[in-house]
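Contents: one structure, followed by commentary.
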Protein chains: 2
Amino acid sequence: MDPNVADAIADDVARALRRAGYPVLVGISNRHFHVTEKDWRVLFGDQDPKPLRPVRQPGQWAGAETVAIEGPKGRFPKVRLLGPFRKVTQVEVSRSDAMVLGLEPPVRGSGSLKGAAPIRLAGPKGSVEVREGLIISQRHLHLGLKDSEDLCVRDGDVVRVRAGTGGPRELVFEGVLARVAKDFALEFHVDTDEANAAWLNNGDRVIVL
Amino acid sequence: MDPNVADAIADDVARALRRAGYPVLVGISNRHFHVTEKDWRVLFGDQDPKPLRPVRQPGQWAGAETVAIEGPKGRFPKVRLLGPFRKVTQVEVSRSDAMVLGLEPPVRGSGSLKGAAPIRLAGPKGSVEVREGLIISQRHLHLGLKDSEDLCVRDGDVVRVRAGTGGPRELVFEGVLARVAKDFALEFHVDTDEANAAWLNNGDRVIVL
């Protein structure tokens, strides 16, 4: 065999073995919203958001407060804040949720709101209409710097993720975008539809292929 | 190369090419119920079920009638009949639905009701409690005899199915059970959670791997 081919195969095998021994925790996103301070004041007035519990990504937390989100066909009365404040207001739902609302948001990475669906948020003090504010989150992988090195995954890489192994609905997610940052915790983010399709629960482990 | 190995590889490649050129239509199952004639009479009395529209599998149809299904935490008021009458009453929901109901049904093939969750059906004339009646349908492939031959898939085979290619959520479903019968139409059956996870619509095409 050509020694270059042999080397390439050896590298692939070594990487696969390394990744197989380095499981990634699953984080399942239920519908939630991110909000600018300006929109927050319209929705909640002078009251500041109250962090309720931290989430796995450092610096982020689920807030005590919820809003209603409303579409032409339906509404969800209690959609939770994910803080802290952001530069844009953004609501994330599953495709199942979108059907209840009667809206057709695109699948997007967080912050990519061009072409997002319009959505109305209603809080105790007022309402906000966001013209491009509703997306279905694109599944993705968060990695810290050490995770990136250990898993041989760089920022921007598109990887495959095997999920639900040992359960009744194993599958392989294609086209998973990897994001590396020093303040990221290693985590594979999916929404509730994806979690149910693979029979996943929060904290389950998946393997990067 | 060993001629036997070469032959095996050639066979695999030929089969993969054949399957790649033979797309399978997706059928998405929303929550529905099958019913015995005895339970039907309790729910609807003397009135007979009215077929509303045929489904792709020959001899089966969606009925005009719906029942409410009820669990400890929630209910769905309009769950449609899938006829004709069967030997057992069976309700199929998604995992998302099961969470709304507050029940934990297992993933099962149709008719495998041992260990199924209890469920209550309420019709216009009366209610039925089925002690083992609620399942989450296991995704599966229906094939007629010619499909079986053309796709090199036999009854009972477990195959992989690539879905959502070209869309934002491509994935590979592992462990898909194939069922072959002369009166089956070629179709890949998933529930709404699985369809949303792969961004599928009814009539989309998937590839058996």
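Convention: chains lettered A, B, ... in structure tokens order; per-chain residue numbering from 1; ligands numbered from 1 as shown.
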| said: Going by DSSP on the backbone, which residues of region 2-208 of chain B come out as strand (DSSP E or B)? List them as an MDAnalysis selection string. | reply: chainID B and resid 24:29 32:34 51:54 61:70 75:83 90:92 107:108 117:122 127:137 140:143 158:163 171:180 187:191 205:208
| task | Identify all chain B residues at most 12 Å from chain A by counting only C-alpha atoms; ligands do not count. Present them as a PyMOL selection string. | result | chain B and resi 1+30+93-99+104+106-109+136-140+159-177+190-201
| task | Enumerate the residues of chain B with a DSSP assignment of alpha helix (DSSP H), computed from the backbone, and present them as a PyMOL selection string. | result | chain B and resi 3-20+37-44+95-101+145-151+192-197
Can I get the selected residues back with C-alpha atoms, as an mmCIF file, in the first residue's frame?
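The resulting file, result-v8.cif, is reproduced below:
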```
data_model
loop_
_atom_site.group_PDB
_atom_site.id
_atom_site.type_symbol
_atom_site.label_atom_id
_atom_site.label_comp_id
_atom_site.auth_asym_id
_atom_site.auth_seq_id
_atom_site.Cartn_x
_atom_site.Cartn_y
_atom_site.Cartn_z
ATOM 1 C CA PRO B 3 -11.085 -12.194 -5.662
ATOM 2 C CA ASN B 4 -13.699 -12.977 -2.964
ATOM 3 C CA VAL B 5 -13.113 -9.604 -1.323
ATOM 4 C CA ALA B 6 -13.278 -7.907 -4.714
ATOM 5 C CA ASP B 7 -16.587 -9.653 -5.435
ATOM 6 C CA ALA B 8 -18.046 -8.639 -2.068
ATOM 7 C CA ILE B 9 -17.041 -5.012 -2.605
ATOM 8 C CA ALA B 10 -18.481 -5.060 -6.125
ATOM 9 C CA ASP B 11 -21.766 -6.438 -4.739
ATOM 10 C CA ASP B 12 -21.920 -3.740 -2.044
ATOM 11 C CA VAL B 13 -21.272 -1.000 -4.572
ATOM 12 C CA ALA B 14 -23.874 -2.387 -6.990
ATOM 13 C CA ARG B 15 -26.470 -2.562 -4.196
ATOM 14 C CA ALA B 16 -25.678 0.974 -2.978
ATOM 15 C CA LEU B 17 -26.003 2.347 -6.520
ATOM 16 C CA ARG B 18 -29.273 0.516 -7.050
ATOM 17 C CA ARG B 19 -30.697 1.866 -3.771
ATOM 18 C CA ALA B 20 -29.427 5.387 -4.503
ATOM 19 C CA GLU B 37 -65.166 -2.960 16.496
ATOM 20 C CA LYS B 38 -66.119 -3.668 20.141
ATOM 21 C CA ASP B 39 -64.364 -0.526 21.435
ATOM 22 C CA TRP B 40 -65.735 1.475 18.499
ATOM 23 C CA ARG B 41 -69.291 0.645 19.567
ATOM 24 C CA VAL B 42 -68.558 1.935 23.079
ATOM 25 C CA LEU B 43 -67.077 5.152 21.677
ATOM 26 C CA PHE B 44 -69.483 5.818 18.788
ATOM 27 C CA ARG B 95 -42.709 11.547 22.236
ATOM 28 C CA SER B 96 -43.616 15.262 22.277
ATOM 29 C CA ASP B 97 -47.276 14.272 22.537
ATOM 30 C CA ALA B 98 -46.488 11.748 25.283
ATOM 31 C CA MET B 99 -44.915 14.512 27.366
ATOM 32 C CA VAL B 100 -48.069 16.620 27.020
ATOM 33 C CA LEU B 101 -50.163 13.627 28.119
ATOM 34 C CA LEU B 145 -42.566 -7.640 -3.406
ATOM 35 C CA LYS B 146 -41.056 -5.844 -6.387
ATOM 36 C CA ASP B 147 -39.595 -3.099 -4.156
ATOM 37 C CA SER B 148 -38.037 -5.783 -1.996
ATOM 38 C CA GLU B 149 -36.319 -7.286 -5.010
ATOM 39 C CA ASP B 150 -35.291 -3.981 -6.578
ATOM 40 C CA LEU B 151 -33.866 -2.592 -3.330
ATOM 41 C CA THR B 192 -43.749 14.122 13.544
ATOM 42 C CA ASP B 193 -40.728 14.457 15.855
ATOM 43 C CA GLU B 194 -38.577 12.482 13.428
ATOM 44 C CA ALA B 195 -39.929 14.393 10.442
ATOM 45 C CA ASN B 196 -39.141 17.710 12.094
ATOM 46 C CA ALA B 197 -35.670 16.606 13.171
#
```
| message | Can you tell me which residues surround Gln60 (chain B) at a distance of at most 10 Å, considering only C-alpha atoms, apart from same-chain residues fewer than 2 positions away, and format the answer as a ChimeraX atom specification? | response | /B:51,53-58,62-63,82-85
